[in-house]
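*Asks:* Attaching a single structure in structure tokens format; questions to follow.
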Amino acid sequence: MPDDRLPLIRGRIHGLDTYVSPRGGGASPKIPSLDPKAHRSRLVQQLDAIGHQIRSRAVTARDELATREIVAVHPLLGERLTADQLDSTREDARLVGVVEETGTVLLDVANPQLEYLREKVEAFADDARAKSKTGRDGKTTVHRANEVAVAPVESIALAAVDDIRGPRLRAESVVPDRPYWFEVACRGGYRRPLADTDASRTQINRQVHRAGAPQRIEEFVGPEQVYFFVRLTLQQLDALGASTDCVYEVELAPPPIRDLHLQEDVTTRELKDFPLRPPDADAPSVVILDTGIATAHPLLKPALLSATTAGSLIPSPEDTYGHGTKMAGIALYRDVGAALEAGGAQATHWLQSSRLMVHPGLGTASDENYEKWPVLTLGAVRSAEDADPRPRDRAFALAITRSMQVPPLDGIVPTLWSHAIDQIAYHDGHGRLLVVSAGNAREDQWLALAEQHPQLQLSEKIHQPAQAMNALTVGAFTTRVQFPPGKDYQEARVVAPRPGGISPFSSTGPLGPDWPIKPDVVFEGGNLALSGNLPDASVPTLAALTTSRQHTVGQPLGWISMTSEATARAAHLAARVWAVEPKLRPETVRGLIVHSASWTAEMCTQFTNLNDRLSACGFGVPDEAIARDCANNRATIVIEDVMPSGVLQEEPKKVPPKRASTKTTERKIRRKLKLFRLPVPELLDDSDADVELRVTLSYFAEPNKFGRTVRRGLELKWDMQGPQESEEEFLRRVNARRRPTGTDGKRQKVSAKKSFDWDVGIQLRSRGTVQSDRWRGKMSLLAGDKLVAVAPVLGWWEQRRELRDQTMHFSLIVSVLGPGVYAAIRPKIEISVEAEIPT
């Protein structure tokens, strides 16, 4: 029966629509050095060799002569084959596809003598069938029969092992004698005769057994191929390809299938000597604030710097619940399965664990101890720092949250716990990076969410303390939409059916002018399955492989998903950014992660309303390459500076004193506007490339909570000179003191020109302590020295005389992405503070 669920297969051998005639419209390829007679002779010899090779094969390799074969047609260097000219319905020669990396055409043929190709080759070399044509320019060209099909052919042969390797297997370094999970695509499928699938199954099982690797082989039946998942060494895989006549492609198994088998097969004993090389002594660390960690786990122990507790109320750092250990695996490796397949890993950062609770809902985690959560969180942070007094960049990962939609809370409000997170992150102005989970959608709402996804997701609001303005709040999206092969999930469906959309597990941020954009970003958090009316969060291919506390009973691997997985991934990225550039401040790393984020096409489809999209997805999915490279070698400016709440300066008194001995000036507090210049030169060529401009401001404000309101010691916002705006017009727009005064002494209104047409806009983005925006357009609109202004906004420091000149760190990140931009901008990036202008 056809299986209409999405298979765990990625199409890598591309079909006819990938390759067209190299000259278009069937015009003849022009290969002036080609001798038709010699070309014919060479190809006929190769066709003869195919038949001889089949007849001479040892019977022991196949048990019987093949009735079908896989043939590879290779193109001449620099030429493309016309695939639809090389198959034949009459002789049952089926086009398998075109190998994208090499241009090789694979054919599944019933008659290995390939009589139809012989006929094409003979016709090509027959001068009597050649036709001459004189063009308008007077030149005469000769067109031969079947030229489009035959002329670009370099060779024809039985498909060799190299012809059937997939792109990942070609690209990755595979240890020859180490077993890996492979995906083997073979002749068969539910739209082909059943005998084809049965014959392929028989051959694969037989050759795997002969290779000395007997195993239970799982399979997936597609329309025209059947896929087998086997664990073999590279030598065994090559032997399998050489001794069968049914294999279309061999490839490293997709990570979900690989991880599914690893979780079932790998034991603690096998990992006893896993070669995990610890990071450098001064490398950054990820601190897991959770249920502790399995300190002796072989995949974690070499990189574990410390394991502590939040205080005396928590007895031991050892994980007896399991959640913290699962977080640790993702935070350290990101892809545990890839590390296991590689047979070892080099840690780029350390792990630290500070046990914040023993079990959800019990002991210190119970609602009766709610008032202790802020103190315990601070204690957990400090215990990790005290256990490792060496100065170190640390990303703190907190995935323990509590819904604000159940008693005793009845809505999204600032709480003492979120206030504590803000204060811990502020850290007396030095900053700490706290990565906080947005929290999961309530389990009793999963069925309703499944029926009305994604719109009903907006009703599931973030948990405390994720509303904290200084936290990097992380929600979840998902690309996982596929079930394991087999019959167990034939009646199931995924709630989020298209890759790239919001995860059904994710909660969403509050709306309104009083709240910052939350979550800030989203990371992979898995998908929810639905079987009838039963939600199922345990499907392995919809989750991530990670470490398990059950290693003591021989089960070292488990699964993790939801916003906990997303939070661990965000902390991992933060540590990777610090590993590239260890001098960055915590607010800069938070800014870079947000700066690298983009909405997927599916997010834009799910949430056409901007406010809804920001509430569900924040600024989008971070791109690790952009986040790391922006800190290192992209056309990006990273400015780390300080902003005073005010500057004390001497100014003349409005009324001059009558006595000469009296001081003529008085001290005034003035706010200052900081300007930075972005030098974008004209590109050297005439192209007006499409580019993307990204600007992000990040800072940690000192919080001050009263009732349901949290005020900031100092607020900042940024703006940028528009494409049609002069410097003076921009300065007048952002600074009222630059505007002219009228006869009445009041500042006059000016015809303000606009900045760029930003995705988010200044009103929405300025609500939080990380403010990011994007603009896309032509390079010519951006070229020239554009000013970026960072302006202070009065906060509660202004009301405290002793704090009026208090300073606050901030980071400003500006990137221009597009073809040729890096080469043009990089030599000219000389950014300096242009001026401090009174406001």
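Following the order of the structure tokens, chains are lettered A, B, ..., residues in each are numbered from 1, and ligands are numbered from 1.
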Please provide the set of residues having any atom within 9 Å of region 649-656 of chain A, restricted to only C-alpha atoms, with same-chain residues fewer than 6 positions apart removed, written as a PyMOL selection string.

*Replies:* chain A and resi 663-670

*Asks:* Write the selection just made, keeping all heavy atoms, as a compact mmCIF listing (two decimals), in the first residue's frame?

*Replies:*
```txt
# COMPACT_ATOMS: atom_id res chain seq x y z
N LYS A 663 30.20 83.06 41.37
CA LYS A 663 30.47 82.16 40.25
C LYS A 663 29.43 82.38 39.15
O LYS A 663 28.23 82.43 39.41
CB LYS A 663 30.42 80.72 40.74
CG LYS A 663 30.90 79.70 39.73
CD LYS A 663 30.89 78.29 40.35
CE LYS A 663 31.34 77.26 39.34
NZ LYS A 663 31.31 75.88 39.92
N THR A 664 29.90 82.49 37.92
CA THR A 664 29.01 82.78 36.79
C THR A 664 28.45 81.52 36.14
O THR A 664 27.62 81.61 35.24
CB THR A 664 29.76 83.59 35.73
OG1 THR A 664 30.89 82.83 35.28
CG2 THR A 664 30.21 84.93 36.30
N THR A 665 28.93 80.35 36.56
CA THR A 665 28.45 79.09 35.98
C THR A 665 27.82 78.23 37.06
O THR A 665 28.02 78.46 38.26
CB THR A 665 29.58 78.32 35.29
OG1 THR A 665 30.57 77.99 36.28
CG2 THR A 665 30.20 79.13 34.18
N GLU A 666 27.07 77.25 36.59
CA GLU A 666 26.47 76.28 37.50
C GLU A 666 26.53 74.90 36.88
O GLU A 666 26.60 74.74 35.65
CB GLU A 666 25.02 76.66 37.80
CG GLU A 666 24.15 76.75 36.58
CD GLU A 666 22.74 77.22 36.90
OE1 GLU A 666 22.40 77.27 38.09
OE2 GLU A 666 21.99 77.52 35.96
N ARG A 667 26.53 73.86 37.72
CA ARG A 667 26.62 72.48 37.24
C ARG A 667 25.24 71.99 36.81
O ARG A 667 24.27 72.12 37.54
CB ARG A 667 27.20 71.58 38.31
CG ARG A 667 28.59 71.98 38.79
CD ARG A 667 29.16 70.93 39.71
NE ARG A 667 29.62 69.76 38.97
CZ ARG A 667 30.05 68.65 39.55
NH1 ARG A 667 30.04 68.54 40.88
NH2 ARG A 667 30.48 67.64 38.82
N LYS A 668 25.21 71.40 35.60
CA LYS A 668 23.97 70.86 35.05
C LYS A 668 24.19 69.41 34.60
O LYS A 668 25.28 69.04 34.18
CB LYS A 668 23.49 71.69 33.86
CG LYS A 668 23.03 73.10 34.22
CD LYS A 668 21.66 73.08 34.89
CE LYS A 668 21.13 74.48 35.06
NZ LYS A 668 19.80 74.48 35.71
N ILE A 669 23.15 68.64 34.73
CA ILE A 669 23.18 67.27 34.20
C ILE A 669 22.61 67.29 32.78
O ILE A 669 21.49 67.76 32.58
CB ILE A 669 22.35 66.31 35.07
CG1 ILE A 669 23.04 66.08 36.41
CG2 ILE A 669 22.14 64.98 34.36
CD1 ILE A 669 24.23 65.15 36.33
N ARG A 670 23.40 66.84 31.84
CA ARG A 670 22.95 66.79 30.45
C ARG A 670 23.09 65.36 29.93
O ARG A 670 24.05 64.66 30.23
CB ARG A 670 23.78 67.72 29.57
CG ARG A 670 23.66 69.20 29.95
CD ARG A 670 22.24 69.70 29.79
NE ARG A 670 22.15 71.13 30.06
CZ ARG A 670 21.01 71.77 30.22
NH1 ARG A 670 19.86 71.09 30.16
NH2 ARG A 670 20.99 73.07 30.46
```

*Asks:* Against region 467-482 of chain A, which residues of region 684-741 of chain A fall within 9 Å? For each one I want the closest pair of atoms and the distance in Å (one decimal), counting only C-alpha atoms, rows by chain and increasing residue number, as CSV.

*Replies:*
```
residue,atom,partner,partner_atom,distance
A:Tyr699,CA,A:Asn470,CA,7.8
A:Phe700,CA,A:Asn470,CA,5.5
A:Ala701,CA,A:Asn470,CA,7.0
A:Glu702,CA,A:Asn470,CA,8.9
A:Pro703,CA,A:Met469,CA,8.9
```

*Asks:* Could you turn the residues from that selection into a file that holds C-alpha atoms, as an mmCIF file, in the first residue's frame?

*Replies:*
```cif
data_model
loop_
_atom_site.group_PDB
_atom_site.id
_atom_site.type_symbol
_atom_site.label_atom_id
_atom_site.label_comp_id
_atom_site.auth_asym_id
_atom_site.auth_seq_id
_atom_site.Cartn_x
_atom_site.Cartn_y
_atom_site.Cartn_z
ATOM 1 C CA TYR A 699 22.515 46.223 27.023
ATOM 2 C CA PHE A 700 21.684 45.075 30.559
ATOM 3 C CA ALA A 701 19.629 47.638 32.471
ATOM 4 C CA GLU A 702 19.515 47.820 36.261
ATOM 5 C CA PRO A 703 15.965 46.789 37.254
#
```

*Asks:* To one decimal place in Å, what is the distance between CA of Val638 (chain A) and CA of Leu434 (chain A)?

*Replies:* 20.7 Å

*Asks:* Counting only C-alpha atoms, which residues of region 534-557 of chain A sit at most 12 Å from some atom of region 240-255 of chain A, and what is each one's closest atom pair with its distance in Å to one decimal, listed by chain and rising residue number, as JSON lines?

*Replies:*
```
{"residue": "A:Pro540", "atom": "CA", "partner": "A:Pro255", "partner_atom": "CA", "distance": 11.2}
{"residue": "A:Thr541", "atom": "CA", "partner": "A:Pro255", "partner_atom": "CA", "distance": 8.7}
{"residue": "A:Leu542", "atom": "CA", "partner": "A:Pro255", "partner_atom": "CA", "distance": 11.1}
{"residue": "A:Ala543", "atom": "CA", "partner": "A:Pro255", "partner_atom": "CA", "distance": 11.0}
{"residue": "A:Ala544", "atom": "CA", "partner": "A:Pro255", "partner_atom": "CA", "distance": 9.4}
{"residue": "A:Leu545", "atom": "CA", "partner": "A:Pro255", "partner_atom": "CA", "distance": 9.4}
```

*Asks:* Export, as an mmCIF file, in the first residue's frame, the selected residues with N, CA, C and O atoms.

*Replies:*
```cif
data_model
loop_
_atom_site.group_PDB
_atom_site.id
_atom_site.type_symbol
_atom_site.label_atom_id
_atom_site.label_comp_id
_atom_site.auth_asym_id
_atom_site.auth_seq_id
_atom_site.Cartn_x
_atom_site.Cartn_y
_atom_site.Cartn_z
ATOM 1 N N PRO A 540 10.768 9.352 18.709
ATOM 2 C CA PRO A 540 12.200 9.659 18.734
ATOM 3 C C PRO A 540 12.684 10.535 17.592
ATOM 4 O O PRO A 540 13.564 11.377 17.792
ATOM 5 N N THR A 541 12.130 10.372 16.390
ATOM 6 C CA THR A 541 12.612 11.195 15.282
ATOM 7 C C THR A 541 12.124 12.637 15.362
ATOM 8 O O THR A 541 12.549 13.476 14.573
ATOM 9 N N LEU A 542 11.247 12.933 16.310
ATOM 10 C CA LEU A 542 10.776 14.300 16.519
ATOM 11 C C LEU A 542 11.478 14.953 17.696
ATOM 12 O O LEU A 542 11.118 16.063 18.113
ATOM 13 N N ALA A 543 12.489 14.283 18.253
ATOM 14 C CA ALA A 543 13.261 14.787 19.382
ATOM 15 C C ALA A 543 14.747 14.705 19.046
ATOM 16 O O ALA A 543 15.135 14.342 17.933
ATOM 17 N N ALA A 544 15.600 15.045 20.007
ATOM 18 C CA ALA A 544 17.049 15.038 19.805
ATOM 19 C C ALA A 544 17.697 14.006 20.717
ATOM 20 O O ALA A 544 17.323 13.862 21.887
ATOM 21 N N LEU A 545 18.686 13.313 20.181
ATOM 22 C CA LEU A 545 19.461 12.357 20.969
ATOM 23 C C LEU A 545 20.359 13.119 21.932
ATOM 24 O O LEU A 545 20.997 14.104 21.570
#
```

*Asks:* As a list in words, please: every residue in region 322-482 of chain A that a backbone DSSP assignment puts in strand (DSSP E or B).

*Replies:* Ala345, Gln346, Trp350, Leu351, Gln352, Ser353, Ser354, Arg355, Arg394, Ala395, Phe396, Ala397, Leu398, Arg402, Leu433, Leu434, Val435, Val436, Ser437, Asn440, Lys461, Gln464, Leu472, Thr473, Val474, Gly475, Ala476, Phe477 and Thr478 of chain A

*Asks:* Got time to write the residues from that selection, N, CA and C atoms, as a JSON list (two decimals), in the first residue's frame?

*Replies:*
```json
[["chain", "number", "residue", "atom", "x", "y", "z"],
["A", 345, "ALA", "N", 35.46, 13.34, 20.03],
["A", 345, "ALA", "CA", 35.11, 14.75, 19.87],
["A", 345, "ALA", "C", 36.12, 15.63, 20.61],
["A", 346, "GLN", "N", 36.20, 16.87, 20.15],
["A", 346, "GLN", "CA", 36.99, 17.89, 20.82],
["A", 346, "GLN", "C", 36.03, 18.92, 21.41],
["A", 350, "TRP", "N", 33.64, 24.21, 28.37],
["A", 350, "TRP", "CA", 33.43, 23.40, 29.56],
["A", 350, "TRP", "C", 31.95, 23.32, 29.91],
["A", 351, "LEU", "N", 31.64, 22.35, 30.74],
["A", 351, "LEU", "CA", 30.33, 22.25, 31.36],
["A", 351, "LEU", "C", 30.45, 22.51, 32.86],
["A", 352, "GLN", "N", 29.48, 23.22, 33.40],
["A", 352, "GLN", "CA", 29.31, 23.33, 34.84],
["A", 352, "GLN", "C", 27.85, 23.06, 35.15],
["A", 353, "SER", "N", 27.61, 22.47, 36.30],
["A", 353, "SER", "CA", 26.24, 22.20, 36.72],
["A", 353, "SER", "C", 26.02, 22.76, 38.11],
["A", 354, "SER", "N", 24.90, 23.42, 38.28],
["A", 354, "SER", "CA", 24.51, 23.90, 39.60],
["A", 354, "SER", "C", 23.06, 23.46, 39.83],
["A", 355, "ARG", "N", 22.91, 22.49, 40.73],
["A", 355, "ARG", "CA", 21.61, 21.87, 40.91],
["A", 355, "ARG", "C", 20.65, 22.82, 41.59],
["A", 394, "ARG", "N", 30.90, 32.77, 30.79],
["A", 394, "ARG", "CA", 29.92, 31.75, 31.15],
["A", 394, "ARG", "C", 28.55, 32.08, 30.56],
["A", 395, "ALA", "N", 27.90, 31.06, 30.01],
["A", 395, "ALA", "CA", 26.50, 31.16, 29.60],
["A", 395, "ALA", "C", 25.69, 30.30, 30.55],
["A", 396, "PHE", "N", 24.77, 30.89, 31.29],
["A", 396, "PHE", "CA", 23.93, 30.18, 32.25],
["A", 396, "PHE", "C", 22.63, 29.76, 31.56],
["A", 397, "ALA", "N", 22.33, 28.47, 31.61],
["A", 397, "ALA", "CA", 21.14, 27.93, 30.94],
["A", 397, "ALA", "C", 20.11, 27.53, 31.98],
["A", 398, "LEU", "N", 18.94, 28.17, 31.93],
["A", 398, "LEU", "CA", 17.86, 27.92, 32.88],
["A", 398, "LEU", "C", 16.62, 27.49, 32.12],
["A", 402, "ARG", "N", 7.87, 28.27, 35.38],
["A", 402, "ARG", "CA", 6.53, 28.00, 35.89],
["A", 402, "ARG", "C", 5.52, 28.85, 35.15],
["A", 433, "LEU", "N", 25.30, 36.47, 31.12],
["A", 433, "LEU", "CA", 24.42, 35.98, 30.07],
["A", 433, "LEU", "C", 23.56, 34.86, 30.63],
["A", 434, "LEU", "N", 22.28, 35.12, 30.82],
["A", 434, "LEU", "CA", 21.32, 34.12, 31.29],
["A", 434, "LEU", "C", 20.41, 33.73, 30.13],
["A", 435, "VAL", "N", 20.52, 32.48, 29.73],
["A", 435, "VAL", "CA", 19.68, 31.94, 28.65],
["A", 435, "VAL", "C", 18.51, 31.23, 29.32],
["A", 436, "VAL", "N", 17.31, 31.75, 29.14],
["A", 436, "VAL", "CA", 16.13, 31.28, 29.87],
["A", 436, "VAL", "C", 15.09, 30.73, 28.90],
["A", 437, "SER", "N", 14.58, 29.57, 29.23],
["A", 437, "SER", "CA", 13.52, 28.95, 28.42],
["A", 437, "SER", "C", 12.23, 29.78, 28.51],
["A", 440, "ASN", "N", 7.16, 25.65, 28.23],
["A", 440, "ASN", "CA", 6.38, 24.82, 27.32],
["A", 440, "ASN", "C", 4.89, 25.12, 27.41],
["A", 461, "LYS", "N", 1.15, 31.49, 26.94],
["A", 461, "LYS", "CA", 2.05, 32.59, 27.24],
["A", 461, "LYS", "C", 3.31, 32.11, 27.97],
["A", 464, "GLN", "N", 7.19, 32.38, 33.83],
["A", 464, "GLN", "CA", 8.20, 33.09, 34.59],
["A", 464, "GLN", "C", 9.41, 32.17, 34.79],
["A", 472, "LEU", "N", 18.16, 36.31, 27.79],
["A", 472, "LEU", "CA", 18.00, 35.86, 26.42],
["A", 472, "LEU", "C", 16.93, 34.77, 26.47],
["A", 473, "THR", "N", 15.70, 35.13, 26.14],
["A", 473, "THR", "CA", 14.56, 34.22, 26.25],
["A", 473, "THR", "C", 14.43, 33.41, 24.97],
["A", 474, "VAL", "N", 14.32, 32.09, 25.13],
["A", 474, "VAL", "CA", 14.40, 31.18, 23.99],
["A", 474, "VAL", "C", 13.10, 30.38, 23.86],
["A", 475, "GLY", "N", 12.47, 30.50, 22.70],
["A", 475, "GLY", "CA", 11.33, 29.67, 22.34],
["A", 475, "GLY", "C", 11.78, 28.54, 21.43],
["A", 476, "ALA", "N", 10.81, 27.83, 20.86],
["A", 476, "ALA", "CA", 11.13, 26.65, 20.04],
["A", 476, "ALA", "C", 10.42, 26.71, 18.70],
["A", 477, "PHE", "N", 11.17, 26.34, 17.66],
["A", 477, "PHE", "CA", 10.58, 26.06, 16.36],
["A", 477, "PHE", "C", 10.97, 24.63, 16.00],
["A", 478, "THR", "N", 10.58, 24.15, 14.83],
["A", 478, "THR", "CA", 10.96, 22.78, 14.48],
["A", 478, "THR", "C", 11.08, 22.58, 12.98]]
```

*Asks:* Skip region 508-513 of chain A itself and residues of its chain fewer than 3 positions away, then list as number ranges by chain all residues within 6 Å of it, counting only C-alpha atoms.

*Replies:* A: 458, 460-462, 518-519, 615-616

*Asks:* Just want the 10 Å neighbourhood of region 706-709 of chain A, counted on only C-alpha atoms, with same-chain residues fewer than 5 positions away dropped. Output as JSON, numbers by chain.

*Replies:* {"A": [412, 413, 414, 415, 416, 514]}

*Asks:* Take the residues just selected and output them with C-alpha atoms as a short mmCIF file (atom, residue, chain, number, x, y, z; two decimals), in the first residue's frame.

*Replies:*
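The resulting file, again11.cif, is shown below:
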```cif
data_model
loop_
_atom_site.label_atom_id
_atom_site.label_comp_id
_atom_site.auth_asym_id
_atom_site.auth_seq_id
_atom_site.Cartn_x
_atom_site.Cartn_y
_atom_site.Cartn_z
CA ILE A 412 1.67 37.85 32.65
CA VAL A 413 3.18 40.16 35.23
CA PRO A 414 6.67 40.97 36.48
CA THR A 415 7.45 38.63 39.37
CA LEU A 416 10.15 38.56 41.99
CA ASP A 514 4.88 47.68 28.32
#
```

*Asks:* Need to verify the contact set: region 40-53 of chain A, 9 Å, only C-alpha atoms, exclusion of same-chain residues closer than 5 positions in sequence. Can you return it as a PyMOL selection string?

*Replies:* chain A and resi 35+71+112-114+117-118+121-122+124-125+150+153-158

*Asks:* Those selected residues, please, written with all heavy atoms and delivered as a CSV table (one decimal), in the first residue's frame.

*Replies:*
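Resulting contents of result.csv:
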```csv
chain,number,residue,atom,x,y,z
A,35,ASP,N,36.0,13.6,-32.6
A,35,ASP,CA,36.1,12.8,-33.8
A,35,ASP,C,34.9,11.8,-33.7
A,35,ASP,O,35.0,10.9,-32.9
A,35,ASP,CB,37.4,12.1,-34.0
A,35,ASP,CG,37.5,11.2,-35.2
A,35,ASP,OD1,36.5,11.0,-35.8
A,35,ASP,OD2,38.6,10.9,-35.6
A,71,VAL,N,23.6,1.1,-14.6
A,71,VAL,CA,24.6,1.6,-15.5
A,71,VAL,C,24.9,3.1,-15.2
A,71,VAL,O,23.9,3.8,-15.0
A,71,VAL,CB,24.2,1.3,-17.0
A,71,VAL,CG1,25.2,2.0,-17.9
A,71,VAL,CG2,24.2,-0.2,-17.2
A,112,PRO,N,21.5,-5.5,-20.3
A,112,PRO,CA,22.8,-4.9,-20.1
A,112,PRO,C,23.5,-4.7,-21.4
A,112,PRO,O,24.5,-4.0,-21.5
A,112,PRO,CB,23.5,-5.8,-19.2
A,112,PRO,CG,22.5,-6.6,-18.5
A,112,PRO,CD,21.4,-6.7,-19.5
A,113,GLN,N,23.0,-5.2,-22.5
A,113,GLN,CA,23.6,-5.0,-23.8
A,113,GLN,C,23.4,-3.6,-24.3
A,113,GLN,O,24.1,-3.1,-25.2
A,113,GLN,CB,23.1,-6.1,-24.8
A,113,GLN,CG,23.5,-7.5,-24.5
A,113,GLN,CD,25.0,-7.7,-24.3
A,113,GLN,OE1,25.8,-7.2,-25.1
A,113,GLN,NE2,25.3,-8.4,-23.2
A,114,LEU,N,22.3,-3.0,-23.8
A,114,LEU,CA,22.0,-1.6,-24.1
A,114,LEU,C,22.0,-1.3,-25.7
A,114,LEU,O,22.6,-0.5,-26.2
A,114,LEU,CB,23.1,-0.6,-23.5
A,114,LEU,CG,23.1,-0.7,-22.0
A,114,LEU,CD1,24.3,0.1,-21.5
A,114,LEU,CD2,21.8,-0.1,-21.4
A,117,LEU,N,21.2,2.2,-26.9
A,117,LEU,CA,22.3,3.1,-26.9
A,117,LEU,C,23.3,2.8,-28.0
A,117,LEU,O,23.9,3.7,-28.6
A,117,LEU,CB,23.0,3.0,-25.5
A,117,LEU,CG,22.5,3.9,-24.4
A,117,LEU,CD1,23.3,3.8,-23.1
A,117,LEU,CD2,22.3,5.3,-24.8
A,118,ARG,N,23.5,1.5,-28.3
A,118,ARG,CA,24.3,1.2,-29.4
A,118,ARG,C,23.8,1.8,-30.7
A,118,ARG,O,24.5,2.4,-31.6
A,118,ARG,CB,24.4,-0.3,-29.6
A,118,ARG,CG,25.2,-1.0,-28.5
A,118,ARG,CD,25.1,-2.5,-28.7
A,118,ARG,NE,25.8,-3.2,-27.7
A,118,ARG,CZ,27.1,-3.5,-27.7
A,118,ARG,NH1,27.9,-3.2,-28.7
A,118,ARG,NH2,27.6,-4.2,-26.6
A,121,VAL,N,24.6,5.5,-30.8
A,121,VAL,CA,26.0,5.7,-31.0
A,121,VAL,C,26.3,5.5,-32.5
A,121,VAL,O,27.1,6.3,-33.1
A,121,VAL,CB,26.9,4.8,-30.1
A,121,VAL,CG1,28.3,4.9,-30.6
A,121,VAL,CG2,26.7,5.2,-28.7
A,122,GLU,N,25.8,4.4,-33.1
A,122,GLU,CA,26.0,4.2,-34.5
A,122,GLU,C,25.5,5.3,-35.4
A,122,GLU,O,26.1,5.7,-36.4
A,122,GLU,CB,25.4,2.8,-34.9
A,122,GLU,CG,26.0,1.6,-34.2
A,122,GLU,CD,27.5,1.3,-34.7
A,122,GLU,OE1,27.9,2.0,-35.7
A,122,GLU,OE2,28.2,0.5,-34.0
A,124,PHE,N,25.0,8.3,-34.6
A,124,PHE,CA,25.8,9.5,-34.4
A,124,PHE,C,27.1,9.5,-35.3
A,124,PHE,O,27.5,10.6,-35.9
A,124,PHE,CB,26.2,9.6,-32.9
A,124,PHE,CG,27.3,10.7,-32.7
A,124,PHE,CD1,26.9,12.0,-32.6
A,124,PHE,CD2,28.6,10.3,-32.4
A,124,PHE,CE1,27.9,13.0,-32.3
A,124,PHE,CE2,29.6,11.3,-32.2
A,124,PHE,CZ,29.2,12.6,-32.1
A,125,ALA,N,27.7,8.3,-35.5
A,125,ALA,CA,28.9,8.2,-36.3
A,125,ALA,C,28.6,8.1,-37.8
A,125,ALA,O,29.6,8.1,-38.6
A,125,ALA,CB,29.7,7.1,-35.8
A,150,VAL,N,24.6,11.7,-27.4
A,150,VAL,CA,25.9,11.0,-27.5
A,150,VAL,C,27.1,11.8,-27.4
A,150,VAL,O,28.1,11.4,-26.7
A,150,VAL,CB,25.9,10.2,-28.8
A,150,VAL,CG1,27.3,9.4,-29.0
A,150,VAL,CG2,24.8,9.2,-28.9
A,153,VAL,N,29.0,12.3,-23.9
A,153,VAL,CA,29.3,11.2,-23.1
A,153,VAL,C,30.8,10.9,-23.1
A,153,VAL,O,31.5,10.7,-24.2
A,153,VAL,CB,28.6,9.9,-23.7
A,153,VAL,CG1,29.0,8.7,-22.9
A,153,VAL,CG2,27.0,10.2,-23.6
A,154,GLU,N,31.4,10.8,-21.9
A,154,GLU,CA,32.8,10.4,-21.7
A,154,GLU,C,32.9,8.9,-21.7
A,154,GLU,O,33.8,8.3,-22.3
A,154,GLU,CB,33.3,11.0,-20.5
A,154,GLU,CG,34.7,10.5,-20.0
A,154,GLU,CD,35.8,10.8,-20.9
A,154,GLU,OE1,35.7,11.8,-21.7
A,154,GLU,OE2,36.8,10.0,-21.0
A,155,SER,N,32.0,8.2,-20.9
A,155,SER,CA,32.1,6.8,-20.7
A,155,SER,C,30.8,6.2,-20.3
A,155,SER,O,30.0,6.9,-19.7
A,155,SER,CB,33.2,6.4,-19.7
A,155,SER,OG,32.9,6.9,-18.5
A,156,ILE,N,30.7,4.9,-20.5
A,156,ILE,CA,29.5,4.1,-20.1
A,156,ILE,C,30.0,2.9,-19.4
A,156,ILE,O,30.8,2.1,-20.0
A,156,ILE,CB,28.6,3.7,-21.3
A,156,ILE,CG1,28.2,5.0,-22.1
A,156,ILE,CG2,27.3,3.1,-20.8
A,156,ILE,CD1,27.5,4.7,-23.4
A,157,ALA,N,29.5,2.6,-18.2
A,157,ALA,CA,30.0,1.4,-17.5
A,157,ALA,C,29.0,1.0,-16.4
A,157,ALA,O,28.1,1.8,-16.1
A,157,ALA,CB,31.4,1.8,-16.8
A,158,LEU,N,29.2,-0.2,-15.9
A,158,LEU,CA,28.4,-0.6,-14.8
A,158,LEU,C,28.7,0.4,-13.6
A,158,LEU,O,29.9,0.8,-13.5
A,158,LEU,CB,28.7,-2.0,-14.4
A,158,LEU,CG,28.2,-3.1,-15.3
A,158,LEU,CD1,28.7,-4.5,-14.7
A,158,LEU,CD2,26.7,-3.1,-15.5
```

*Asks:* Which distance in Å separates CA of Gly558 (chain A) and CA of Ala281 (chain A), to one decimal?

*Replies:* 29.2 Å

*Asks:* Name the residues of region 562-615 of chain A that come out as alpha helix (DSSP H) in a backbone DSSP run; write them as a PyMOL selection string.

*Replies:* chain A and resi 562-580+586-595+601-606+610-615

*Asks:* Looking at A:Gly722, A:Pro176, A:Pro275, A:Gly713, which one is nearest to Ala789 (chain A), with distances taken over only C-alpha atoms?

*Replies:* A:Gly722

*Asks:* For region 752-758 of chain A, work out the shell of residues within 8 Å, counting only C-alpha atoms and skipping chain neighbours fewer than 4 positions away, then give it as an MDAnalysis selection string.

*Replies:* chainID A and resid 719:725 729:730 732:733 773:775

*Asks:* Please produce a file of those selected residues containing C-alpha atoms, as a compact mmCIF listing (two decimals), in the first residue's frame.

*Replies:*
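The new file result_0.txt reads:
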```txt
# COMPACT_ATOMS: atom_id res chain seq x y z
CA ASP A 719 18.15 55.11 15.05
CA MET A 720 19.92 55.40 11.71
CA GLN A 721 20.28 58.03 9.03
CA GLY A 722 17.93 57.28 6.16
CA PRO A 723 18.82 56.78 2.50
CA GLN A 724 17.55 60.25 1.48
CA GLU A 725 18.57 62.05 4.66
CA GLU A 729 18.54 66.44 8.82
CA PHE A 730 19.17 63.21 10.73
CA ARG A 732 17.64 67.39 13.84
CA ARG A 733 15.29 64.42 13.68
CA ASP A 773 16.05 45.22 13.04
CA ARG A 774 16.65 44.45 9.37
CA TRP A 775 16.30 46.24 6.05
```
